Each structure stands twice: as structure tokens, then as C-alpha cells.
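Have a look at coords13.txt below; it lists compact mmCIF, C-alpha atoms.
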```txt
# COMPACT_ATOMS: atom_id res chain seq x y z
CA MET P 1 5.53 130.98 149.67
CA ASP P 2 6.41 134.65 149.92
CA SER P 3 10.02 135.53 150.76
CA PRO P 4 10.51 137.19 154.14
CA PHE P 5 13.23 139.37 152.63
CA PRO P 6 12.47 142.66 150.86
CA LYS P 7 12.78 142.70 147.09
CA SER P 8 15.98 144.15 145.68
CA SER P 9 15.67 147.60 144.19
CA SER P 10 18.55 147.00 141.77
CA SER P 11 18.49 145.23 138.41
CA PRO P 12 20.70 142.30 137.30
CA GLY P 13 24.25 143.45 136.62
CA GLU P 14 23.89 146.70 138.54
CA GLY P 15 26.48 147.77 141.08
CA ARG P 16 27.50 150.79 143.08
CA ILE P 17 30.65 151.87 144.89
CA ALA P 18 30.90 154.96 147.08
CA VAL P 19 34.15 156.02 148.77
CA GLY P 20 34.54 158.85 151.26
CA LEU P 21 37.21 160.44 153.42
CA LEU P 22 37.44 159.99 157.19
CA PRO P 23 38.42 162.89 159.51
CA ASN P 24 41.93 161.39 159.77
CA LYS P 25 42.32 161.75 155.96
CA VAL P 26 42.05 158.00 155.31
CA SER P 27 39.76 156.87 152.48
CA THR P 28 36.96 154.50 153.45
CA LEU P 29 34.39 152.39 151.63
CA GLU P 30 30.96 153.85 152.43
CA GLN P 31 28.78 151.77 150.12
CA MET P 32 29.15 148.71 147.90
CA SER P 33 26.34 146.72 146.28
CA TYR P 34 26.09 144.44 143.25
CA GLN P 35 23.85 142.01 141.43
CA TYR P 36 24.68 138.96 139.28
CA PRO P 37 26.62 138.71 136.94
CA LEU P 38 28.64 141.51 138.58
CA LYS P 39 30.60 140.83 141.75
CA LEU P 40 32.58 143.29 143.89
CA ILE P 41 35.03 142.48 146.69
CA SER P 42 36.93 144.87 148.94
CA PRO P 43 39.60 143.52 151.34
CA SER P 44 39.65 144.62 154.95
CA PRO P 45 41.05 148.15 155.17
CA LYS P 46 44.43 148.96 156.67
CA ALA P 47 45.17 151.95 158.84
CA ASP P 48 47.89 153.19 156.49
CA GLN P 49 46.22 152.39 153.17
CA ALA P 50 46.78 154.96 150.44
CA SER P 51 43.46 154.16 148.75
CA VAL P 52 40.44 151.89 149.04
CA LEU P 53 40.90 148.70 146.97
CA VAL P 54 37.97 147.07 145.14
CA PHE P 55 38.10 143.96 142.95
CA LEU P 56 35.77 144.00 139.93
CA LEU P 57 34.77 140.40 139.16
CA SER P 58 32.18 138.31 137.35
CA TYR P 59 30.69 134.95 138.29
CA GLY P 60 32.27 132.07 136.37
CA GLY P 61 35.22 134.19 135.29
CA GLY P 62 33.58 135.87 132.34
CA LEU P 63 30.56 137.39 130.63
CA VAL P 64 28.20 135.49 128.34
CA GLY P 65 26.16 136.86 125.47
CA GLY P 66 23.40 139.11 126.71
CA ASP P 67 25.02 139.99 130.04
CA GLN P 68 24.56 143.64 130.99
CA VAL P 69 26.80 145.24 133.63
CA ASN P 70 26.13 148.75 134.86
CA LEU P 71 28.49 150.01 137.57
CA SER P 72 28.23 153.41 139.24
CA VAL P 73 31.23 154.76 141.15
CA GLU P 74 31.36 157.85 143.35
CA VAL P 75 34.62 159.02 144.89
CA ARG P 76 33.79 161.85 147.24
CA PRO P 77 35.99 164.93 147.78
CA GLY P 78 39.53 164.09 148.84
CA ALA P 79 39.02 160.29 148.77
CA ARG P 80 41.01 157.79 146.69
CA LEU P 81 39.94 154.50 145.10
CA SER P 82 41.81 151.77 143.23
CA ILE P 83 39.90 149.25 141.10
CA VAL P 84 41.54 146.02 139.89
CA THR P 85 40.52 142.57 138.64
CA GLN P 86 41.62 138.99 139.33
CA GLY P 87 42.20 137.96 135.74
CA HIS P 88 41.20 138.70 132.17
CA THR P 89 37.57 139.69 131.64
CA LYS P 90 36.52 136.88 129.29
CA VAL P 91 33.73 137.55 126.80
CA PHE P 92 32.06 134.34 125.62
CA GLN P 93 30.36 133.68 122.30
CA PRO P 94 26.65 134.61 122.35
CA VAL P 95 24.02 131.91 122.04
CA ASN P 96 22.08 133.90 119.45
CA ALA P 97 22.76 136.80 117.08
CA HIS P 98 21.21 139.32 119.46
CA GLY P 99 23.29 138.35 122.49
CA VAL P 100 25.41 141.49 122.83
CA THR P 101 27.45 141.72 126.01
CA ARG P 102 27.55 145.26 127.41
CA GLN P 103 29.39 146.97 130.24
CA LYS P 104 28.87 150.55 131.37
CA LEU P 105 30.92 152.39 133.98
CA GLN P 106 29.75 155.77 135.28
CA VAL P 107 32.26 157.54 137.55
CA ASN P 108 31.89 160.78 139.48
CA LEU P 109 35.06 162.18 141.05
CA GLY P 110 34.60 164.91 143.66
CA GLU P 111 36.94 167.81 144.29
CA ASN P 112 40.53 166.56 144.81
CA ALA P 113 39.30 162.94 144.63
CA ALA P 114 41.29 160.30 142.73
CA LEU P 115 40.63 157.02 140.91
CA CYS P 116 43.18 154.49 139.68
CA LEU P 117 41.60 151.94 137.31
CA LEU P 118 44.26 149.44 136.19
CA PRO P 119 42.45 146.16 135.44
CA ASP P 120 43.51 143.08 133.50
CA PRO P 121 42.70 143.28 129.78
CA VAL P 122 39.43 142.18 128.20
CA GLN P 123 39.74 138.85 126.35
CA PRO P 124 37.04 138.47 123.67
CA PHE P 125 36.52 134.87 122.54
CA GLU P 126 35.82 133.84 118.96
CA ASP P 127 32.56 135.26 117.52
CA SER P 128 31.92 137.33 120.68
CA VAL P 129 30.11 140.67 120.54
CA TYR P 130 30.99 143.23 123.18
CA GLU P 131 30.23 146.90 123.80
CA GLN P 132 31.73 149.02 126.56
CA LYS P 133 31.20 152.61 127.65
CA GLN P 134 33.11 154.34 130.45
CA ILE P 135 32.22 157.91 131.42
CA PHE P 136 34.24 159.92 133.95
CA ASN P 137 32.96 163.18 135.43
CA VAL P 138 35.79 165.01 137.19
CA ALA P 139 35.49 167.99 139.55
CA PRO P 140 38.28 170.57 139.93
CA GLY P 141 41.44 169.03 141.33
CA ALA P 142 40.31 165.45 140.69
CA SER P 143 42.79 162.89 139.32
CA LEU P 144 42.23 159.90 137.05
CA CYS P 145 44.40 157.01 135.84
CA MET P 146 42.50 154.64 133.54
CA LEU P 147 43.79 151.69 131.50
CA ASP P 148 41.58 150.11 128.83
CA TRP P 149 43.06 147.23 126.83
CA VAL P 150 41.95 144.21 124.79
CA THR P 151 43.69 141.01 123.65
CA GLN P 152 43.47 138.92 120.49
CA GLY P 153 41.56 136.15 122.32
CA ARG P 154 42.67 132.64 123.24
CA SER P 155 45.91 132.21 121.32
CA ALA P 156 46.28 128.64 122.65
CA ARG P 157 43.12 127.76 120.71
CA GLY P 158 44.26 129.54 117.56
CA GLU P 159 42.15 132.66 118.09
CA ASN P 160 43.68 135.77 116.56
CA TRP P 161 41.24 138.69 116.59
CA SER P 162 38.50 136.18 115.77
CA LEU P 163 35.84 138.22 117.54
CA THR P 164 32.77 139.50 115.73
CA LYS P 165 32.76 142.95 117.31
CA TRP P 166 34.44 144.82 120.16
CA ALA P 167 33.48 148.45 120.67
CA GLY P 168 34.78 150.63 123.48
CA ARG P 169 34.32 154.30 124.31
CA ASN P 170 35.90 156.38 127.07
CA GLU P 171 34.84 159.93 127.88
CA ILE P 172 36.18 162.47 130.38
CA TRP P 173 33.93 165.37 131.34
CA ALA P 174 35.09 168.22 133.57
CA SER P 175 33.08 170.71 135.61
CA GLU P 176 34.44 174.20 136.23
CA THR P 177 33.32 174.35 139.89
CA PRO P 178 32.52 171.62 142.43
CA THR P 179 28.82 172.57 142.42
CA SER P 180 28.50 173.17 138.68
CA THR P 181 25.80 171.18 136.87
CA LYS P 182 27.36 171.79 133.46
CA SER P 183 30.36 169.81 132.27
CA ARG P 184 32.71 170.19 129.32
CA LEU P 185 33.80 167.23 127.23
CA LEU P 186 37.58 166.89 127.35
CA ILE P 187 38.23 163.48 125.81
CA ARG P 188 36.18 161.04 123.77
CA ASP P 189 38.29 158.04 122.83
CA ALA P 190 36.62 155.27 120.81
CA VAL P 191 37.91 151.92 119.53
CA ASN P 192 35.78 149.87 117.12
CA LEU P 193 36.99 146.39 116.13
CA ASP P 194 34.56 144.80 113.66
CA SER P 195 35.41 141.69 111.66
CA LYS P 196 32.18 141.62 109.67
CA GLU P 197 31.20 145.12 108.56
CA ARG P 198 34.35 146.04 106.64
CA SER P 199 34.66 147.56 103.18
CA SER P 200 36.04 145.32 100.45
CA HIS P 201 39.10 147.54 99.98
CA LEU P 202 40.06 147.36 103.67
CA GLN P 203 42.30 144.79 105.28
CA SER P 204 40.76 142.09 107.44
CA LEU P 205 40.65 142.84 111.15
CA ARG P 206 43.49 140.40 111.78
CA GLU P 207 45.68 141.98 109.10
CA SER P 208 44.96 145.49 110.37
CA MET P 209 46.39 144.61 113.80
CA TYR P 210 49.90 144.12 112.29
CA SER P 211 50.77 141.06 114.39
CA HIS P 212 49.82 142.75 117.66
CA ALA P 213 48.25 140.48 120.26
CA ILE P 214 47.12 143.34 122.51
CA ILE P 215 46.27 147.01 122.13
CA GLY P 216 45.57 149.50 124.90
CA THR P 217 44.83 153.06 125.94
CA LEU P 218 46.02 154.80 129.10
CA LEU P 219 44.31 158.05 130.13
CA LEU P 220 45.88 160.35 132.72
CA ARG P 221 44.49 163.55 134.21
CA GLY P 222 44.79 165.64 137.36
CA PRO P 223 47.47 166.91 139.75
CA LEU P 224 48.30 163.50 141.24
CA LEU P 225 49.01 162.10 137.75
CA LYS P 226 50.82 165.11 136.27
CA LYS P 227 54.27 163.62 136.88
CA VAL P 228 53.17 160.35 135.26
CA GLY P 229 51.84 162.19 132.21
CA ASP P 230 54.99 164.28 131.90
CA PHE P 231 57.08 161.11 132.17
CA PHE P 232 55.28 159.42 129.25
CA LEU P 233 55.50 162.58 127.13
CA ALA P 234 59.23 162.92 127.84
CA GLU P 235 59.94 159.26 127.07
CA PHE P 236 57.96 159.48 123.84
CA SER P 237 59.93 162.57 122.81
CA ALA P 238 63.15 160.65 123.47
CA LEU P 239 62.21 157.79 121.13
CA PRO P 240 64.40 157.37 118.02
CA ARG P 241 62.53 158.88 115.09
CA LEU P 242 61.83 157.01 111.87
CA GLY P 243 64.46 157.90 109.29
CA ALA P 244 66.66 159.69 111.82
CA ARG P 245 70.38 159.59 111.04
CA ASP P 246 73.35 159.66 113.36
CA PHE P 247 75.86 162.15 111.88
CA ARG P 248 78.49 161.53 114.53
CA SER P 249 81.79 160.03 113.43
CA ALA P 250 82.75 156.53 114.57
CA GLU P 251 85.43 158.04 116.85
CA ILE P 252 82.96 160.35 118.60
CA ARG P 253 80.41 157.55 119.00
CA GLN P 254 83.08 155.34 120.55
CA LYS P 255 84.12 158.06 123.01
CA GLU P 256 80.53 158.80 124.06
CA ALA P 257 79.81 155.08 124.49
CA ALA P 258 82.69 154.88 126.97
CA VAL P 259 81.13 157.56 129.20
CA PRO P 260 79.22 155.92 132.11
CA GLN P 261 75.46 156.17 131.67
CA SER P 262 73.05 157.36 134.31
CA ALA P 263 70.54 154.93 135.80
CA ILE P 264 67.67 156.37 133.76
CA ASP P 265 69.73 156.15 130.54
CA ARG P 266 70.55 152.49 131.21
CA TRP P 267 66.90 151.76 131.96
CA ARG P 268 65.80 153.54 128.78
CA ALA P 269 68.31 151.66 126.63
CA THR P 270 67.12 148.32 128.03
CA ARG P 271 63.48 149.30 127.51
CA LEU P 272 64.06 150.38 123.91
CA ALA P 273 65.73 147.05 123.15
CA GLN P 274 62.76 145.19 124.63
CA GLU P 275 60.34 147.34 122.63
CA ARG P 276 62.10 146.42 119.38
CA GLU P 277 62.18 142.74 120.31
CA SER P 278 58.46 142.55 121.17
CA ASN P 279 57.28 144.74 118.26
CA LEU P 280 55.90 147.22 120.78
CA LEU P 281 54.66 150.49 119.31
CA TRP P 282 53.36 153.39 121.36
CA SER P 283 52.59 157.08 121.34
CA ALA P 284 51.72 159.77 123.88
CA ALA P 285 49.96 163.11 123.43
CA SER P 286 48.63 165.88 125.63
CA VAL P 287 45.01 166.85 124.89
CA ARG P 288 43.04 169.42 126.92
CA GLY P 289 44.93 168.78 130.12
CA CYS P 290 44.89 164.99 129.69
CA VAL P 291 47.64 162.65 128.53
CA ILE P 292 46.60 159.86 126.16
CA VAL P 293 48.94 156.89 125.70
CA LYS P 294 48.27 154.32 122.96
CA PHE P 295 50.23 151.08 122.68
CA GLY P 296 50.30 147.67 121.03
CA ALA P 297 52.53 144.62 121.49
CA ALA P 298 53.17 141.26 119.84
CA THR P 299 52.30 139.36 123.02
CA VAL P 300 50.03 140.03 125.97
CA GLU P 301 52.88 139.63 128.43
CA ALA P 302 55.06 142.08 126.50
CA GLY P 303 52.30 144.69 126.71
CA ARG P 304 51.76 144.01 130.41
CA ASN P 305 55.47 144.15 131.19
CA TRP P 306 55.89 147.40 129.28
CA ILE P 307 53.06 149.37 130.87
CA GLY P 308 53.99 147.97 134.28
CA ALA P 309 57.65 148.90 133.88
CA MET P 310 56.77 152.44 132.80
CA LEU P 311 54.47 153.08 135.76
CA LEU P 312 56.84 151.44 138.25
CA GLN P 313 59.81 153.43 136.96
CA GLU P 314 57.97 156.74 137.36
CA GLY P 315 56.63 155.78 140.80
CA SER P 316 53.64 158.10 141.32
CA ILE P 317 50.98 155.35 141.24
CA THR P 318 52.69 153.44 144.05
CA CYS P 319 53.15 156.61 146.06
CA GLU P 320 49.61 157.98 145.67
CA PHE P 321 47.52 154.77 145.54
CA GLY P 322 49.72 152.04 147.00
CA GLU P 323 51.39 148.97 145.44
CA GLN P 324 48.02 147.19 145.38
CA ALA P 325 46.85 149.42 142.54
CA LEU P 326 49.50 147.90 140.23
CA MET P 327 48.82 144.22 140.90
CA CYS P 328 47.27 143.60 137.45
CA ILE P 329 50.24 144.93 135.47
CA ARG P 330 53.17 143.45 137.38
```
Go through the file and emit its structure as C-alpha cells.
Amino acid sequence: MDSPFPKSSSSPGEGRIAVGLLPNKVSTLEQMSYQYPLKLISPSPKADQASVLVFLLSYGGGLVGGDQVNLSVEVRPGARLSIVTQGHTKVFQPVNAHGVTRQKLQVNLGENAALCLLPDPVQPFEDSVYEQKQIFNVAPGASLCMLDWVTQGRSARGENWSLTKWAGRNEIWASETPTSTKSRLLIRDAVNLDSKERSSHLQSLRESMYSHAIIGTLLLRGPLLKKVGDFFLAEFSALPRLGARDFRSAEIRQKEAAVPQSAIDRWRATRLAQERESNLLWSAASVRGCVIVKFGAATVEAGRNWIGAMLLQEGSITCEFGEQALMCIR
């Protein structure tokens, strides 16, 4: 019997999100479609919402070998979008050797548009094979906050970077004018974790992670995220340097310790102590108008608490996108 419904024009795993700006300057969801195994949910909008919120999900809580997800996102001029998840993106072991799980995200940000992508980390299971590509095309004045992170796997089951392969690539392309068809590559950040194809003189993948249970990359660009980027650069510059010596006398150190600290100094001292305790290492650099933050931590929760505390302390994400944008890192 023939179906009375028209055939879908999209392929399995395909999805699309389009966000525009209403005359009253409130962002609105104009289009959202998806096909299994991808699932998208957007809560009912609020009159005072700072950005449109969309949950990026998968049926069954994860991706199996051979799943292909291809999501297209368009944030039109002046609009703002926040994308989050409802838990770790689990990557299951493939049934056969050719079962590579792939995700591709293609984002176009219009003039003065903004995207905040702060999902939960990817959790690759033992023997899983995963490839991810995320491409961001930004028009003049557009802003982007993107977090990409991956865990060691299921530690409760003894997994410790037991994956077969995890490959991720993030690119930011910028156009000189809103109508320009030519873009310039600003950032190409690639992470390749491969436990099989390693030279004999190299450490194993597990050894090369130096007891870190999670690693991540935060990319920041645009006028709305400038304060955030400057904050990370300033905090990185304030870190104690390896081999640095304190030439102050004991008397001077004692006098300075007695001087009341400012709120930011107290917060920084507490954060530095937590970083040492959780073996958290991080760096920040400015590259072609973007700020790239790299970090790793001994536990998943330590990494989550650190990146959440940094973004909450600075405050721009909450102000520009709303508290909802931070739900995955709090």
C-alpha cells in the first residue's frame, strides 16, 4: 500500500536549523528538521530570551557504528542561537571494521549573528571509531563560542582511552563582506587520537594522555566574545611559570600576605589550588582574531567544573546568550 504522505527529501542523519531576528530584536526559530539518528528539540520561546535554545540529541542516547549525522545551521543577521545536549554523546563500538561513526556540522553566521555551542563531551566507548568535522563560516561582526571535548570513555568499566580512533577537526572561515562569496581560513584545529596506527617509538595513546581523563578545545571569536577571550588570555598570563622563583624575602612575603586580597585575587588563588589538585593543564593563545583555549584534566568533572567556573566568572556568555547556554558545563 502506498503511503499517503510525501516522501522525505532529506537523508538519514540530516538536520537543519535556521534562526532569524524578529522586528522587536528577539531571535526566533524559523526552521528545524531532522532525520534518525539525529534528533533536535527546541523549548517554547520566552519573550525575554537572549537566544534561541536547541538541544542536539540522538535516539537511544548515542551513536552506533556506521551512523552518519550531517547538521546544517544558519544564524541569520543579528540573531543568536545556543546549542546544548542532554548528556554525553556516546559512541558505541562498530559491528564491523568499516562501521565508522561520522558527524558533520556546517554553520553559517550572518552579519552580527552569534552562536554559542557548549555541549556535553563526546564519550567514545572501547574500540569505537569516530570522525567529526565542524566548519564555521562567519560574516563581519559575527560571534562564535565553540567547545569541543572528549573523555577517556567509561571509567566505571575500566576504559581508559580504549578507543580505536577519534578524529576531530574544527575550521573557522571569515568573509570580508556580508555578500562576499570568498572566505579566508582563520583557524584549522585538528585532534587525532589513534590507538592502532602508532610508530613503535611513540608512547601508547593511554600513556600520551598523561593521566588526563578529558581534553578539550574552546574557540572564541567576534565582538560579543572579545571580553571572554581577553579574560582567558589574562588569566593564562597570570599563571605561575615553570621554574619561576620568588626572590622576595620572608618578611616581605609575610607583609604582602597580610594585605586583604580583592575578590578576583581570592577567586584566582582558589582556582589555581584546584587546578594543581586535579592535574589540570591549560593554555590560551590569540590567532588571527580568535582565541584558542586548550585544556586537560584528571577527571571529567574537574574539566567541567573548570571551564564552567571560568565562563561564569567572566559573565559574558550569561549576559549575551542567557543562563541556558551554560547548562552543560555547570
Task: Point-to-point distance from CA of Thr89 (chain P) to CA of Gly62 (chain P), Å rounded to tenths - done: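 Calculated distance between CA of Thr89 (chain P) and CA of Gly62 (chain P) is 5.6 Å.
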Task: Residues within 9 Å of Leu186 (chain P), all atoms listed in the file, excluding chain neighbours under 3 positions, as a PyMOL selection string - done: chain P and resi 171-174+287-290
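Across the structure, CA of Ser283 (chain P) and CA of Leu233 (chain P) are spaced 8.5 Å apart.
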List as a JSON list (two decimals) with C-alpha atoms, keeping the file's coordinate frame the residues having at least one atom at most 10 Å from position (23.3, 139.9, 116.6) as given in the file, counting all atoms listed in the file.
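The result, written out as point-v3.json:
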```json
[["chain", "number", "residue", "atom", "x", "y", "z"],
["P", 65, "GLY", "CA", 26.16, 136.86, 125.47],
["P", 94, "PRO", "CA", 26.65, 134.61, 122.35],
["P", 95, "VAL", "CA", 24.02, 131.91, 122.04],
["P", 96, "ASN", "CA", 22.08, 133.90, 119.45],
["P", 97, "ALA", "CA", 22.76, 136.80, 117.08],
["P", 98, "HIS", "CA", 21.21, 139.32, 119.46],
["P", 99, "GLY", "CA", 23.29, 138.35, 122.49],
["P", 100, "VAL", "CA", 25.41, 141.49, 122.83],
["P", 128, "SER", "CA", 31.92, 137.33, 120.68],
["P", 129, "VAL", "CA", 30.11, 140.67, 120.54],
["P", 164, "THR", "CA", 32.77, 139.50, 115.73],
["P", 165, "LYS", "CA", 32.76, 142.95, 117.31]]
```
Open item on the list: Could you list, as a ChimeraX atom specification, every residue within 10 Å of Ser33 (chain P), counting all atoms listed in the file and ignoring same-chain residues fewer than 6 positions away?
Closed with: /P:10,14-18,39-41,71-72
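Note that CA of Leu311 (chain P) and CA of Ala234 (chain P) are 13.5 Å apart.
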Would you pick out the contacts of region 210-216 of chain P at 9 Å or less, using all atoms listed in the file, so that residues sharing its chain but fewer than 3 positions from it are not included, and give the list as a PDB file with C-alpha atoms, in the frame of the given file?
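Result saved to out_15.pdb:
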```pdb
ATOM      1  CA  PRO P 121      42.700 143.280 129.780  1.00  0.00           C
ATOM      2  CA  LEU P 147      43.790 151.690 131.500  1.00  0.00           C
ATOM      3  CA  ASP P 148      41.580 150.110 128.830  1.00  0.00           C
ATOM      4  CA  TRP P 149      43.060 147.230 126.830  1.00  0.00           C
ATOM      5  CA  VAL P 150      41.950 144.210 124.790  1.00  0.00           C
ATOM      6  CA  THR P 151      43.690 141.010 123.650  1.00  0.00           C
ATOM      7  CA  GLN P 152      43.470 138.920 120.490  1.00  0.00           C
ATOM      8  CA  GLY P 153      41.560 136.150 122.320  1.00  0.00           C
ATOM      9  CA  SER P 155      45.910 132.210 121.320  1.00  0.00           C
ATOM     10  CA  ASN P 160      43.680 135.770 116.560  1.00  0.00           C
ATOM     11  CA  TRP P 161      41.240 138.690 116.590  1.00  0.00           C
ATOM     12  CA  ARG P 206      43.490 140.400 111.780  1.00  0.00           C
ATOM     13  CA  GLU P 207      45.680 141.980 109.100  1.00  0.00           C
ATOM     14  CA  ASN P 279      57.280 144.740 118.260  1.00  0.00           C
ATOM     15  CA  LEU P 280      55.900 147.220 120.780  1.00  0.00           C
ATOM     16  CA  VAL P 293      48.940 156.890 125.700  1.00  0.00           C
ATOM     17  CA  LYS P 294      48.270 154.320 122.960  1.00  0.00           C
ATOM     18  CA  PHE P 295      50.230 151.080 122.680  1.00  0.00           C
ATOM     19  CA  GLY P 296      50.300 147.670 121.030  1.00  0.00           C
ATOM     20  CA  ALA P 297      52.530 144.620 121.490  1.00  0.00           C
ATOM     21  CA  ALA P 298      53.170 141.260 119.840  1.00  0.00           C
ATOM     22  CA  THR P 299      52.300 139.360 123.020  1.00  0.00           C
ATOM     23  CA  VAL P 300      50.030 140.030 125.970  1.00  0.00           C
ATOM     24  CA  ALA P 302      55.060 142.080 126.500  1.00  0.00           C
ATOM     25  CA  GLY P 303      52.300 144.690 126.710  1.00  0.00           C
TER      26      GLY P 303
END
```
Open item on the list: I'd like to know which of P:Gln261, P:Thr217, P:Trp267, P:Asp230 is closest to Trp282 (chain P), using all atoms listed in the file.
Closed with: P:Thr217
TODO: Please identify all polymer residues within 6 Å of Asn112 (chain P), counting all atoms listed in the file, omitting same-chain residues fewer than 4 positions from it, and present them as a ChimeraX atom specification.
DONE: /P:77-78,141-142
Open item on the list: Ranking P:Cys116, P:Leu57, P:Cys319, P:Val19 by minimum distance to Ser143 (chain P) and counting only C-alpha atoms, which one comes first?
Closed with: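 Among P:Cys116, P:Leu57, P:Cys319, P:Val19, it is P:Cys116 that comes nearest to Ser143 (chain P).
For Leu224 (chain P), the non-local neighbours within 8 Å, defined as residues at least 5 positions apart in the same chain or in other chains and counting only C-alpha atoms, are Ala114, Ser143, Ser316 and Glu320 of chain P.
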